[in-house]
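Peer 1: Pasting my_file.cif below, which is mmCIF, C-alpha atoms.
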```
data_query
loop_
_atom_site.label_atom_id
_atom_site.label_comp_id
_atom_site.auth_asym_id
_atom_site.auth_seq_id
_atom_site.Cartn_x
_atom_site.Cartn_y
_atom_site.Cartn_z
CA MET A 1 94.71 94.78 3.93
CA HIS A 2 94.89 98.53 3.34
CA LYS A 3 91.54 99.00 5.08
CA TYR A 4 92.91 97.30 8.21
CA ARG A 5 95.99 99.47 8.16
CA LYS A 6 93.74 102.54 7.93
CA ASP A 7 91.64 101.42 10.93
CA PHE A 8 94.70 100.47 13.01
CA PRO A 9 97.23 103.33 12.79
CA ILE A 10 100.00 101.34 14.50
CA LEU A 11 100.05 98.98 11.50
CA ASN A 12 101.32 101.82 9.30
CA GLN A 13 104.51 101.86 11.36
CA HIS A 14 104.89 98.36 12.79
CA THR A 15 104.01 94.72 12.39
CA TYR A 16 102.15 94.09 15.65
CA LEU A 17 102.38 90.57 17.06
CA ASN A 18 101.66 91.11 20.76
CA ASN A 19 97.86 91.06 20.66
CA ALA A 20 97.66 88.42 23.41
CA ALA A 21 99.30 90.80 25.89
CA SER A 22 97.66 93.98 24.67
CA GLY A 23 95.20 94.31 21.83
CA ILE A 24 95.68 97.28 19.56
CA LEU A 25 93.31 100.22 19.45
CA PHE A 26 91.41 101.06 16.28
CA ASP A 27 90.04 104.47 15.32
CA SER A 28 86.32 103.86 15.85
CA LEU A 29 87.00 102.22 19.22
CA LEU A 30 89.00 105.26 20.28
CA GLU A 31 86.08 107.50 19.30
CA HIS A 32 83.64 105.29 21.25
CA ARG A 33 85.90 105.26 24.32
CA GLN A 34 86.30 109.04 24.24
CA GLU A 35 82.50 109.50 24.11
CA HIS A 36 82.10 106.88 26.85
CA ASP A 37 84.64 108.61 29.10
CA LEU A 38 83.09 112.02 28.49
CA ASP A 39 79.62 110.68 29.39
CA PHE A 40 81.09 109.20 32.57
CA LEU A 41 82.93 112.45 33.38
CA ILE A 42 79.73 114.47 33.02
CA GLY A 43 77.28 111.96 34.50
CA GLY A 44 79.29 110.11 37.14
CA SER A 45 77.57 106.99 38.44
CA ILE A 46 74.28 108.06 36.80
CA PHE A 47 75.97 107.20 33.50
CA ARG A 48 76.08 103.54 34.51
CA GLU A 49 72.48 103.16 35.69
CA ASP A 50 71.33 101.51 32.47
CA ARG A 51 74.33 99.15 32.32
CA ASN A 52 72.48 96.28 34.00
CA ASP A 53 69.65 96.53 31.47
CA TYR A 54 72.20 96.46 28.66
CA LEU A 55 73.92 93.36 30.11
CA LEU A 56 70.58 91.60 30.60
CA GLU A 57 69.61 92.33 26.99
CA THR A 58 72.99 91.04 25.82
CA ARG A 59 72.61 87.82 27.84
CA GLU A 60 69.11 87.33 26.45
CA THR A 61 70.29 87.83 22.86
CA ILE A 62 73.11 85.31 23.33
CA ALA A 63 70.76 82.84 25.03
CA GLN A 64 68.27 83.07 22.17
CA PHE A 65 71.02 82.64 19.59
CA PHE A 66 72.20 79.40 21.24
CA ASN A 67 68.67 78.30 22.16
CA HIS A 68 69.34 78.37 25.92
CA LYS A 69 67.93 80.08 28.98
CA GLN A 70 69.29 83.48 29.95
CA GLU A 71 70.34 82.03 33.31
CA GLU A 72 72.69 79.65 31.48
CA VAL A 73 74.70 82.50 29.91
CA VAL A 74 77.65 84.01 31.74
CA LEU A 75 79.30 87.17 30.45
CA VAL A 76 83.00 87.56 31.21
CA PRO A 77 85.39 90.38 30.34
CA ASN A 78 87.84 88.14 28.48
CA PHE A 79 88.63 84.58 27.44
CA SER A 80 91.18 83.86 30.18
CA ILE A 81 88.80 84.81 32.98
CA GLY A 82 86.06 82.67 31.42
CA LEU A 83 88.35 79.67 31.00
CA ASN A 84 89.70 79.95 34.54
CA THR A 85 86.17 80.27 35.94
CA ILE A 86 85.19 77.04 34.19
CA LEU A 87 88.37 75.24 35.27
CA ASN A 88 87.89 76.34 38.89
CA GLY A 89 84.51 74.61 38.87
CA LEU A 90 85.79 71.28 37.54
CA ASN A 91 86.92 68.25 39.51
CA LYS A 92 90.74 68.13 39.43
CA GLU A 93 90.54 64.40 38.68
CA LYS A 94 89.20 65.17 35.21
CA LYS A 95 91.70 64.44 32.46
CA ILE A 96 92.00 67.21 29.90
CA MET A 97 93.46 66.73 26.44
CA LEU A 98 95.33 69.72 25.04
CA LEU A 99 97.13 70.45 21.80
CA ASP A 100 100.90 70.69 22.23
CA GLU A 101 101.18 73.99 20.36
CA ASP A 102 97.93 75.58 21.48
CA TYR A 103 97.45 79.05 22.89
CA PRO A 104 99.60 79.25 26.06
CA SER A 105 96.83 80.63 28.28
CA ILE A 106 94.87 77.39 27.79
CA ASN A 107 97.67 74.92 28.37
CA HIS A 108 99.20 76.91 31.23
CA ALA A 109 95.86 77.27 33.03
CA VAL A 110 95.12 73.54 32.83
CA ILE A 111 98.61 72.45 33.85
CA THR A 112 99.06 74.88 36.76
CA LYS A 113 95.65 74.08 38.25
CA GLY A 114 96.72 70.49 38.78
CA PHE A 115 94.50 68.67 36.31
CA LYS A 116 95.50 65.39 34.77
CA TYR A 117 96.36 66.21 31.17
CA CYS A 118 97.70 64.80 27.94
CA PHE A 119 98.75 66.33 24.63
CA ALA A 120 97.83 65.66 21.04
CA LYS A 121 100.56 66.68 18.60
CA VAL A 122 99.94 69.52 16.19
CA ASP A 123 101.34 68.68 12.77
CA GLU A 124 100.08 67.77 9.31
CA HIS A 125 98.08 64.93 10.94
CA THR A 126 96.50 66.92 13.78
CA GLU A 127 92.98 65.55 13.34
CA GLU A 128 94.24 61.96 13.33
CA ASN A 129 96.44 62.70 16.35
CA ILE A 130 93.41 64.00 18.24
CA ILE A 131 91.37 60.88 17.44
CA GLU A 132 94.23 58.55 18.39
CA ASN A 133 94.87 60.46 21.58
CA ILE A 134 91.21 60.24 22.57
CA LYS A 135 91.29 56.47 22.05
CA LYS A 136 94.58 56.04 23.91
CA GLU A 137 94.28 58.56 26.77
CA LYS A 138 90.47 58.64 27.18
CA PRO A 139 90.28 62.28 28.28
CA ASP A 140 87.14 63.66 29.90
CA ILE A 141 87.57 67.04 28.22
CA PHE A 142 89.25 68.35 25.08
CA ALA A 143 90.21 72.02 25.41
CA SER A 144 91.55 73.94 22.44
CA PHE A 145 91.67 77.42 21.02
CA TYR A 146 93.55 76.27 17.97
CA GLY A 147 92.52 77.68 14.60
CA PRO A 148 90.68 75.73 11.92
CA LEU A 149 92.17 72.33 11.30
CA GLN A 150 92.75 71.54 7.66
#
```
Any chance you could give the structure as structure tokens?

Peer 2:
Amino acid sequence: MHKYRKDFPILNQHTYLNNAASGILFDSLLEHRQEHDLDFLIGGSIFREDRNDYLLETRETIAQFFNHKQEEVVLVPNFSIGLNTILNGLNKEKKIMLLDEDYPSINHAVITKGFKYCFAKVDEHTEENIIENIKKEKPDIFASFYGPLQ
């Protein structure tokens, strides 16, 4: 725990619980960003010329890891954009099962886009609730960002 506090200076002064709205900055990231910004300041757009190669290499590495083609990998800047991109490509008639206490950006995105949806209750019987809900509601998709079920 002390190592984390050392890497994240804000944790020496506060308990930080707003990571969903704004992630906290850690020391080595600050150093990287300062170098990055300095390179951009000095090099302008030339600084970004190798960015496409870097992104292609990243896509290839991810594709190999999951045993897929590079063309099947999409890189997005954050989870919410990725989720919304997927949802925008789905038929609105699909029924999506959610967990009633899941991460708000998942449930809100599904509900506000007009999908049919149902909830499985999160409690000491979450796994059983999911199975029962699948049998009862017959969802096409189960979307969750919930932590490990125990």

Peer 1: Pull out every residue that the PyMOL selection byres ((chain A and resi 91-103) around 10) matches in the shown coordinates and put them as a JSON list (two decimals) with C-alpha atoms, in the frame of the given file.

Peer 2:
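Final file, result.json:
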```
[["chain", "number", "residue", "atom", "x", "y", "z"],
["A", 20, "ALA", "CA", 97.66, 88.42, 23.41],
["A", 87, "LEU", "CA", 88.37, 75.24, 35.27],
["A", 88, "ASN", "CA", 87.89, 76.34, 38.89],
["A", 89, "GLY", "CA", 84.51, 74.61, 38.87],
["A", 90, "LEU", "CA", 85.79, 71.28, 37.54],
["A", 104, "PRO", "CA", 99.60, 79.25, 26.06],
["A", 105, "SER", "CA", 96.83, 80.63, 28.28],
["A", 106, "ILE", "CA", 94.87, 77.39, 27.79],
["A", 107, "ASN", "CA", 97.67, 74.92, 28.37],
["A", 108, "HIS", "CA", 99.20, 76.91, 31.23],
["A", 110, "VAL", "CA", 95.12, 73.54, 32.83],
["A", 111, "ILE", "CA", 98.61, 72.45, 33.85],
["A", 113, "LYS", "CA", 95.65, 74.08, 38.25],
["A", 114, "GLY", "CA", 96.72, 70.49, 38.78],
["A", 115, "PHE", "CA", 94.50, 68.67, 36.31],
["A", 116, "LYS", "CA", 95.50, 65.39, 34.77],
["A", 117, "TYR", "CA", 96.36, 66.21, 31.17],
["A", 118, "CYS", "CA", 97.70, 64.80, 27.94],
["A", 119, "PHE", "CA", 98.75, 66.33, 24.63],
["A", 120, "ALA", "CA", 97.83, 65.66, 21.04],
["A", 121, "LYS", "CA", 100.56, 66.68, 18.60],
["A", 122, "VAL", "CA", 99.94, 69.52, 16.19],
["A", 123, "ASP", "CA", 101.34, 68.68, 12.77],
["A", 126, "THR", "CA", 96.50, 66.92, 13.78],
["A", 129, "ASN", "CA", 96.44, 62.70, 16.35],
["A", 130, "ILE", "CA", 93.41, 64.00, 18.24],
["A", 133, "ASN", "CA", 94.87, 60.46, 21.58],
["A", 134, "ILE", "CA", 91.21, 60.24, 22.57],
["A", 137, "GLU", "CA", 94.28, 58.56, 26.77],
["A", 138, "LYS", "CA", 90.47, 58.64, 27.18],
["A", 139, "PRO", "CA", 90.28, 62.28, 28.28],
["A", 140, "ASP", "CA", 87.14, 63.66, 29.90],
["A", 141, "ILE", "CA", 87.57, 67.04, 28.22],
["A", 142, "PHE", "CA", 89.25, 68.35, 25.08],
["A", 143, "ALA", "CA", 90.21, 72.02, 25.41],
["A", 144, "SER", "CA", 91.55, 73.94, 22.44],
["A", 145, "PHE", "CA", 91.67, 77.42, 21.02],
["A", 146, "TYR", "CA", 93.55, 76.27, 17.97],
["A", 147, "GLY", "CA", 92.52, 77.68, 14.60]]
```

Peer 1: Selected by the PyMOL selection byres ((chain A and resi 50-55) around 12) in the shown coordinates: which residues, as number ranges by chain?

Peer 2: A: 45-49, 56-62, 70, 73-77

Peer 1: Just give me the gap between atom CA of Asp27 of chain A and atom CA of Asp7 of chain A in Å, one decimal is fine.

Peer 2: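 Interatomic distance, atom CA of Asp27 of chain A to atom CA of Asp7 of chain A: 5.6 Å.
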
Peer 1: Taking all atoms listed in the file into account, name the residue in A:Asn67, A:Asn84, A:Ser28, A:Thr112 that is nearest to Lys6 of chain A.

Peer 2: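 Residue with the minimum atom-to-atom distance to Lys6 of chain A: A:Ser28.
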
Peer 1: Just give me the gap between atom CA of Ile86 of chain A and atom CA of Glu72 of chain A in Å, one decimal is fine.

Peer 2: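 Distance reported for this atom pair: 13.1 Å.
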
Peer 1: Can you pull out the residues contacting Ile24 of chain A? Cut-off 8 Å, using all atoms listed in the file, and skip same-chain residues under 4 positions away; I want them as a list in words.

Peer 2: Phe8, Ile10 and Asn19 of chain A

Peer 1: Which value, in Å to one decimal, gives the distance between atom CA of Gly23 of chain A and atom CA of Lys3 of chain A?

Peer 2: 17.8 Å
